[in-house]
Amino acid sequence: MYDWLFQPATLASFLTLTIMEIVLGIDNIVFLSVITSKLKDPVTRKRARQIGLGLALVFRIIFLLAITWIIGLTAPVFTVFDHAVSWRDLILIGGGLFLLVKGTLEIHNGIEGVHEGAATVKEASFGLVIGQILMIDLVFSIDSIITAIGMAEHVEIMIAAVIISMGVMYVASGPVADFIHRHPTTKMLALAFLLLIGVALIADGLGFHIPRGYIYFSMAFAAGVEIINILARGKRAKGGGGATTH
């Protein structure tokens with residue numbers, strides 16, 4: 001009955017789908033890292049990440065079980081300038097606009113500074129953070145599942161791939177978020193990534209697909225340069241500290 005589980009084609013599609021879901025999860029990790037960095041308490045930040053990843057997993061499994069409905073989201077709703085717009089396009093455009101607005105506001109706050117009481121920010125942040133995570137999880141989950149459809153014939157394989165990819169995201173999200181929290185300059189870089197992801201989502205929604213490989217390569221290159229800068233600053237700081245002791 002389950003002979004298909006051990007077919008080479010099944011295993012190949014499972015591995016391919018798992019890798020693809022992990023790569024697509026980079027967007028989720030960047031957003032979670034940025035949005036939870038506003039929370040002051042490490043325990044609260046971790047709980048917010050856990051809730052965010054848990055919601056992402058639940059959404060993906062629900063959408064896989066409702067795969068017929070998800071496929072229906074790609075059906076045209078109306079046409080603008082010869083471009084057929086579907087519900088998926090509208091969701092991607094909405095999610096992209098949200099990331100652009102969110103990223104722009106966070107960059108503005110980072111440059112100008114936010115003059116609010118620490119207690120008020122801490123108290124109001126958690127619910128707001130979870131609400132924003134919920135919204136963007138929906139967008140990323142729909143995009144991820146629609147992209148995955150067709151790569152595997154069986155829903156069980158898709159669900160297994162999603163669960164494994166979410167496990168990898170869970171392991172990676174903590175170190176990434178902690179790194180951004182310890183090095184505030186990297187938060188500006190992460191916000192720039194969110195703007196880039198937002199533009200890519202809007203472009204997809206408008207029918208102009210930007211290969212994700214280009215985006216992720218740019219992100220990896222910029223992150224590598226920033227890590228070198230952090231190491232150089234740390235080395236200069238140690239050298240400066242040593243010089244002042246004499």
# chains A, B, ... in the order shown; residues from 1 in each chain; ligands from 1
>>> residues_around(residues="segment 88-102 of chain A", least_positions_apart="6", cutoff="9 Å", atoms="only C-alpha atoms", output="PDB file with C-alpha atoms, in the first residue's frame")
ATOM      1  CA  PHE A  31      11.389  38.711   9.406  1.00  0.00           C
ATOM      2  CA  ILE A  70      -4.921  26.746  -2.560  1.00  0.00           C
ATOM      3  CA  LEU A  73      -6.134  30.941  -5.497  1.00  0.00           C
ATOM      4  CA  THR A  74      -4.149  30.998  -8.739  1.00  0.00           C
ATOM      5  CA  ALA A  75      -7.311  31.360 -10.843  1.00  0.00           C
ATOM      6  CA  MET A 135       0.018  38.301   8.959  1.00  0.00           C
ATOM      7  CA  ILE A 136       3.335  37.649   7.252  1.00  0.00           C
ATOM      8  CA  LEU A 138       0.012  33.708   6.019  1.00  0.00           C
ATOM      9  CA  VAL A 139       1.680  35.370   3.046  1.00  0.00           C
ATOM     10  CA  PHE A 140       4.873  33.301   3.183  1.00  0.00           C
ATOM     11  CA  ILE A 142       0.653  30.542   0.779  1.00  0.00           C
ATOM     12  CA  ASP A 143       3.600  31.473  -1.441  1.00  0.00           C
ATOM     13  CA  ILE A 146       1.823  27.146  -4.107  1.00  0.00           C
ATOM     14  CA  LEU A 191      15.624  45.607   7.346  1.00  0.00           C
ATOM     15  CA  LEU A 194      12.941  42.916   4.161  1.00  0.00           C
ATOM     16  CA  LEU A 195      12.592  45.776   1.672  1.00  0.00           C
ATOM     17  CA  LEU A 196      14.191  43.562  -0.983  1.00  0.00           C
ATOM     18  CA  ILE A 197      11.847  40.664  -0.168  1.00  0.00           C
ATOM     19  CA  GLY A 198       8.880  43.056  -0.210  1.00  0.00           C
ATOM     20  CA  VAL A 199       9.805  44.301  -3.694  1.00  0.00           C
ATOM     21  CA  ALA A 200      10.186  40.679  -4.886  1.00  0.00           C
ATOM     22  CA  LEU A 201       6.723  39.760  -3.555  1.00  0.00           C
ATOM     23  CA  ILE A 202       5.116  42.774  -5.230  1.00  0.00           C
ATOM     24  CA  ALA A 203       6.930  41.979  -8.485  1.00  0.00           C
ATOM     25  CA  ASP A 204       5.663  38.372  -8.336  1.00  0.00           C
ATOM     26  CA  GLY A 205       2.143  39.641  -7.724  1.00  0.00           C
ATOM     27  CA  LEU A 206       2.404  41.896 -10.774  1.00  0.00           C
ATOM     28  CA  GLY A 207       3.672  39.072 -12.969  1.00  0.00           C
TER      29      GLY A 207
END
>>> residues_around(residues="segment 152-161 of chain A", least_positions_apart="5", cutoff="12 Å", atoms="only C-alpha atoms", output="ChimeraX atom specification")
/A:2,4-6,9-22,57-68,144-147,166-168
>>> write_last_selection(atoms="C-alpha atoms", output="JSON list (two decimals), in the first residue's frame")
[["chain", "number", "residue", "atom", "x", "y", "z"],
["A", 2, "TYR", "CA", 2.87, 2.34, 0.82],
["A", 4, "TRP", "CA", 5.51, 4.48, -3.26],
["A", 5, "LEU", "CA", 7.33, 5.70, -0.13],
["A", 6, "PHE", "CA", 10.50, 3.89, -1.12],
["A", 9, "ALA", "CA", 11.34, 9.35, -7.55],
["A", 10, "THR", "CA", 9.52, 9.81, -4.24],
["A", 11, "LEU", "CA", 12.74, 10.16, -2.26],
["A", 12, "ALA", "CA", 14.16, 12.58, -4.84],
["A", 13, "SER", "CA", 11.04, 14.77, -4.73],
["A", 14, "PHE", "CA", 11.09, 14.69, -0.91],
["A", 15, "LEU", "CA", 14.72, 15.84, -0.72],
["A", 16, "THR", "CA", 14.22, 18.51, -3.40],
["A", 17, "LEU", "CA", 11.06, 19.83, -1.74],
["A", 18, "THR", "CA", 12.69, 19.87, 1.72],
["A", 19, "ILE", "CA", 15.67, 21.87, 0.45],
["A", 20, "MET", "CA", 13.39, 24.27, -1.40],
["A", 21, "GLU", "CA", 11.23, 24.81, 1.70],
["A", 22, "ILE", "CA", 14.34, 25.50, 3.79],
["A", 57, "LEU", "CA", 3.97, 25.19, 10.45],
["A", 58, "VAL", "CA", 0.24, 25.05, 11.22],
["A", 59, "PHE", "CA", -0.61, 27.30, 8.27],
["A", 60, "ARG", "CA", 1.47, 25.24, 5.87],
["A", 61, "ILE", "CA", -0.08, 21.94, 6.95],
["A", 62, "ILE", "CA", -3.62, 23.39, 6.79],
["A", 63, "PHE", "CA", -2.96, 24.76, 3.32],
["A", 64, "LEU", "CA", -1.56, 21.41, 2.17],
["A", 65, "LEU", "CA", -4.67, 19.62, 3.45],
["A", 66, "ALA", "CA", -6.77, 22.24, 1.61],
["A", 67, "ILE", "CA", -4.64, 21.94, -1.51],
["A", 68, "THR", "CA", -7.62, 22.22, -3.90],
["A", 144, "SER", "CA", 5.62, 28.50, -0.17],
["A", 145, "ILE", "CA", 2.85, 25.93, -0.65],
["A", 146, "ILE", "CA", 1.82, 27.15, -4.11],
["A", 147, "THR", "CA", 5.49, 27.01, -5.15],
["A", 166, "MET", "CA", 10.43, 24.12, 9.92],
["A", 167, "GLY", "CA", 12.69, 22.17, 12.29],
["A", 168, "VAL", "CA", 15.74, 23.57, 10.48]]
>>> atom_distance(atom1="atom CA of Ala192 of chain A", atom2="atom CA of Leu55 of chain A")
24.6 Å
>>> atom_distance(atom1="atom CA of Val30 of chain A", atom2="atom CA of His183 of chain A")
14.5 Å
>>> closest_residue(among="A:Ala190, A:Ile130, A:Leu24, A:Ile180", to="Ala148 of chain A", atoms="only C-alpha atoms")
A:Leu24
>>> atom_distance(atom1="atom CA of Gly213 of chain A", atom2="atom CA of Ala172 of chain A")
19.4 Å
>>> closest_atom_pairs(of="segment 83-193 of chain A", to="segment 43-47 of chain A", cutoff="10 Å", atoms="only C-alpha atoms", output="Markdown table")
| residue | atom | partner | partner_atom | distance |
| --- | --- | --- | --- | --- |
| A:Lys122 | CA | A:Thr44 | CA | 9.7 |
| A:Phe126 | CA | A:Thr44 | CA | 7.8 |
| A:Val129 | CA | A:Arg45 | CA | 9.7 |
| A:Ser173 | CA | A:Lys46 | CA | 9.3 |
| A:Gly174 | CA | A:Lys46 | CA | 7.4 |
| A:Ala177 | CA | A:Arg45 | CA | 8.8 |
| A:Asp178 | CA | A:Arg45 | CA | 9.4 |
>>> select_by_dssp(residues="segment 16-206 of chain A", states="strand (DSSP E or B)", output="list in words")
Pro76, Val77, Phe78, Thr79, Val80, His83, Ala84, Val85 and Ser86 of chain A
>>> write_last_selection(atoms="C-alpha atoms", output="PDB file, in the first residue's frame")
ATOM      1  CA  PRO A  76      -7.688  34.869 -12.375  1.00  0.00           C
ATOM      2  CA  VAL A  77     -10.039  37.231 -10.542  1.00  0.00           C
ATOM      3  CA  PHE A  78      -9.778  40.247 -12.854  1.00  0.00           C
ATOM      4  CA  THR A  79      -7.466  41.606 -15.535  1.00  0.00           C
ATOM      5  CA  VAL A  80      -5.404  44.805 -15.488  1.00  0.00           C
ATOM      6  CA  HIS A  83      -2.347  40.859 -16.747  1.00  0.00           C
ATOM      7  CA  ALA A  84      -4.680  38.343 -15.093  1.00  0.00           C
ATOM      8  CA  VAL A  85      -4.680  39.055 -11.352  1.00  0.00           C
ATOM      9  CA  SER A  86      -5.412  36.149  -8.979  1.00  0.00           C
TER      10      SER A  86
END
>>> select_by_dssp(residues="segment 81-246 of chain A", states="alpha helix (DSSP H)", output="PyMOL selection string")
chain A and resi 87-112+118-148+155-182+184-205+212-244
